[in-house]
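What follows is the content of work-v8.pdb, which has PDB, C-alpha atoms:
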```pdb
ATOM      1  CA  MET A  16      18.251   0.046  -5.972  1.00  0.00           C
ATOM      2  CA  GLY A  17      18.244   2.423  -3.094  1.00  0.00           C
ATOM      3  CA  ARG A  18      20.005   2.570   0.213  1.00  0.00           C
ATOM      4  CA  ARG A  19      16.994   1.043   1.963  1.00  0.00           C
ATOM      5  CA  ASN A  20      17.786  -2.264   0.248  1.00  0.00           C
ATOM      6  CA  TRP A  21      20.954  -2.478   2.322  1.00  0.00           C
ATOM      7  CA  LEU A  22      19.277  -2.155   5.735  1.00  0.00           C
ATOM      8  CA  PHE A  23      19.355  -5.898   6.367  1.00  0.00           C
ATOM      9  CA  ALA A  24      22.960  -6.484   5.303  1.00  0.00           C
ATOM     10  CA  ASP A  25      24.555  -6.512   8.737  1.00  0.00           C
ATOM     11  CA  THR A  26      27.746  -8.454   7.936  1.00  0.00           C
ATOM     12  CA  PRO A  27      30.376  -8.047   5.209  1.00  0.00           C
ATOM     13  CA  ASP A  28      29.515 -11.485   3.804  1.00  0.00           C
ATOM     14  CA  GLY A  29      25.811 -10.605   3.752  1.00  0.00           C
ATOM     15  CA  THR A  30      26.580  -7.351   1.966  1.00  0.00           C
ATOM     16  CA  ARG A  31      28.670  -9.178  -0.646  1.00  0.00           C
ATOM     17  CA  ALA A  32      25.943 -11.794  -1.219  1.00  0.00           C
ATOM     18  CA  SER A  33      23.305  -9.071  -1.574  1.00  0.00           C
ATOM     19  CA  ALA A  34      25.467  -7.134  -4.037  1.00  0.00           C
ATOM     20  CA  ILE A  35      25.912 -10.220  -6.214  1.00  0.00           C
ATOM     21  CA  TYR A  36      22.193 -11.018  -6.111  1.00  0.00           C
ATOM     22  CA  TYR A  37      21.136  -7.430  -6.888  1.00  0.00           C
ATOM     23  CA  SER A  38      23.672  -7.241  -9.722  1.00  0.00           C
ATOM     24  CA  LEU A  39      22.265 -10.395 -11.327  1.00  0.00           C
ATOM     25  CA  ILE A  40      18.701  -9.095 -11.040  1.00  0.00           C
ATOM     26  CA  GLU A  41      19.487  -5.676 -12.488  1.00  0.00           C
ATOM     27  CA  SER A  42      21.593  -7.207 -15.282  1.00  0.00           C
ATOM     28  CA  ALA A  43      18.731  -9.550 -16.142  1.00  0.00           C
ATOM     29  CA  LYS A  44      16.335  -6.586 -16.361  1.00  0.00           C
ATOM     30  CA  ASP A  45      18.788  -4.635 -18.533  1.00  0.00           C
ATOM     31  CA  ASN A  46      18.998  -7.594 -20.915  1.00  0.00           C
ATOM     32  CA  GLY A  47      15.218  -7.989 -21.253  1.00  0.00           C
ATOM     33  CA  LEU A  48      14.888 -11.029 -18.991  1.00  0.00           C
ATOM     34  CA  GLU A  49      12.320 -11.667 -16.282  1.00  0.00           C
ATOM     35  CA  PRO A  50      14.497 -11.688 -13.127  1.00  0.00           C
ATOM     36  CA  PHE A  51      12.696 -14.476 -11.252  1.00  0.00           C
ATOM     37  CA  GLU A  52      12.635 -16.754 -14.287  1.00  0.00           C
ATOM     38  CA  TYR A  53      16.276 -15.965 -15.014  1.00  0.00           C
ATOM     39  CA  ILE A  54      17.384 -16.835 -11.464  1.00  0.00           C
ATOM     40  CA  CYS A  55      15.385 -20.093 -11.628  1.00  0.00           C
ATOM     41  CA  TYR A  56      17.001 -20.897 -14.983  1.00  0.00           C
ATOM     42  CA  VAL A  57      20.499 -20.234 -13.618  1.00  0.00           C
ATOM     43  CA  LEU A  58      19.891 -22.358 -10.518  1.00  0.00           C
ATOM     44  CA  GLU A  59      18.644 -25.232 -12.706  1.00  0.00           C
ATOM     45  CA  GLU A  60      21.573 -25.046 -15.147  1.00  0.00           C
ATOM     46  CA  LEU A  61      24.393 -24.215 -12.735  1.00  0.00           C
ATOM     47  CA  PRO A  62      25.066 -27.821 -11.619  1.00  0.00           C
ATOM     48  CA  TYR A  63      25.765 -28.762 -15.249  1.00  0.00           C
ATOM     49  CA  ALA A  64      28.113 -25.839 -15.932  1.00  0.00           C
ATOM     50  CA  ASP A  65      31.432 -27.626 -15.586  1.00  0.00           C
ATOM     51  CA  THR A  66      33.514 -25.342 -17.817  1.00  0.00           C
ATOM     52  CA  VAL A  67      34.180 -21.617 -17.929  1.00  0.00           C
ATOM     53  CA  GLU A  68      32.355 -21.417 -21.257  1.00  0.00           C
ATOM     54  CA  LYS A  69      29.213 -22.989 -19.767  1.00  0.00           C
ATOM     55  CA  LEU A  70      29.349 -20.598 -16.800  1.00  0.00           C
ATOM     56  CA  GLU A  71      29.723 -17.611 -19.121  1.00  0.00           C
ATOM     57  CA  ALA A  72      26.732 -18.838 -21.131  1.00  0.00           C
ATOM     58  CA  LEU A  73      24.595 -18.355 -17.996  1.00  0.00           C
ATOM     59  CA  LEU A  74      25.384 -14.642 -17.707  1.00  0.00           C
ATOM     60  CA  PRO A  75      22.363 -12.441 -18.494  1.00  0.00           C
ATOM     61  CA  TRP A  76      23.824 -10.935 -21.664  1.00  0.00           C
ATOM     62  CA  ASN A  77      24.521 -14.422 -23.071  1.00  0.00           C
ATOM     63  CA  VAL A  78      21.092 -15.958 -22.355  1.00  0.00           C
ATOM     64  CA  LYS A  79      18.789 -15.981 -25.346  1.00  0.00           C
ATOM     65  CA  VAL A  80      15.424 -14.380 -24.616  1.00  0.00           C
ATOM     66  CA  SER A  81      12.682 -16.921 -25.076  1.00  0.00           C
ATOM     67  CA  GLY A  82       9.239 -17.632 -23.674  1.00  0.00           C
ATOM     68  CA  ALA A  83       9.298 -17.526 -19.881  1.00  0.00           C
ATOM     69  CA  LEU A  84      12.601 -15.630 -19.677  1.00  0.00           C
ATOM     70  CA  SER A  85      11.257 -12.644 -21.593  1.00  0.00           C
ATOM     71  CA  ARG A  86      10.031  -9.630 -19.608  1.00  0.00           C
ATOM     72  CA  ASN A  87       7.403  -8.888 -22.263  1.00  0.00           C
ATOM     73  CA  THR A  88       5.396 -12.099 -21.946  1.00  0.00           C
ATOM     74  CA  SER A  89       2.393 -12.576 -19.710  1.00  0.00           C
ATOM     75  CA  HIS A  90       2.610 -15.521 -17.359  1.00  0.00           C
ATOM     76  CA  SER A  91      -0.547 -17.488 -16.827  1.00  0.00           C
ATOM     77  CA  GLN A  92      -0.438 -20.221 -14.248  1.00  0.00           C
ATOM     78  CA  THR A  93      -2.604 -23.284 -14.431  1.00  0.00           C
ATOM     79  CA  ALA A  94      -3.501 -25.400 -11.462  1.00  0.00           C
TER      80      ALA A  94
END
```

Could you spell out this file's structure in structure tokens?
Amino acid sequence: MGRRNWLFADTPDGTRASAIYYSLIESAKDNGLEPFEYICYVLEELPYADTVEKLEALLPWNVKVSGALSRNTSHSQTA
């Protein structure tokens, strides 16, 4: 992440949202997860996380690396 990533954060709320998003992406990378797949996974599971434990299970270091979430797999799309 460089300072150029912050060029479009023109409000304090926008800066905070960007910081959260960038932190999730970089944490996913550090934990061997594919960032896009991880964010999709979190957005799918978040409505069902009704306890603190379920929310903590969605953090990048608690997600088990498997299939599509792994950064080392090749993704082939079929039409």

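Each of A:Ser33, A:Pro62, A:Glu71, A:Ser38 was compared to Pro50 (chain A) using all atoms listed in the file, and A:Ser38 turns out to be the nearest.
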
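When all atoms listed in the file are used to measure the gap to Tyr56 (chain A), the shortest distance among A:Val78, A:Tyr37, A:Lys69, A:Lys44 belongs to A:Val78.
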
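Among the candidate residues A:Gly29, A:Asp65, A:Ala43, A:Leu58, the one lying nearest to Asn77 (chain A) is A:Ala43, with distances computed using all atoms listed in the file.
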
Here CA of Leu48 (chain A) and CA of Leu73 (chain A) stand apart by 12.2 Å

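Relative to CA of Pro75 (chain A), CA of Glu60 (chain A) is found at 13.1 Å.
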
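Rounded to one decimal, CA of Ala64 (chain A) and CA of Lys79 (chain A) lie 16.5 Å from each other.
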
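Nearest to Leu74 (chain A) of all the residues A:Asp25, A:Asn46, A:Thr30, A:Glu52 is A:Asn46, based on all atoms listed in the file.
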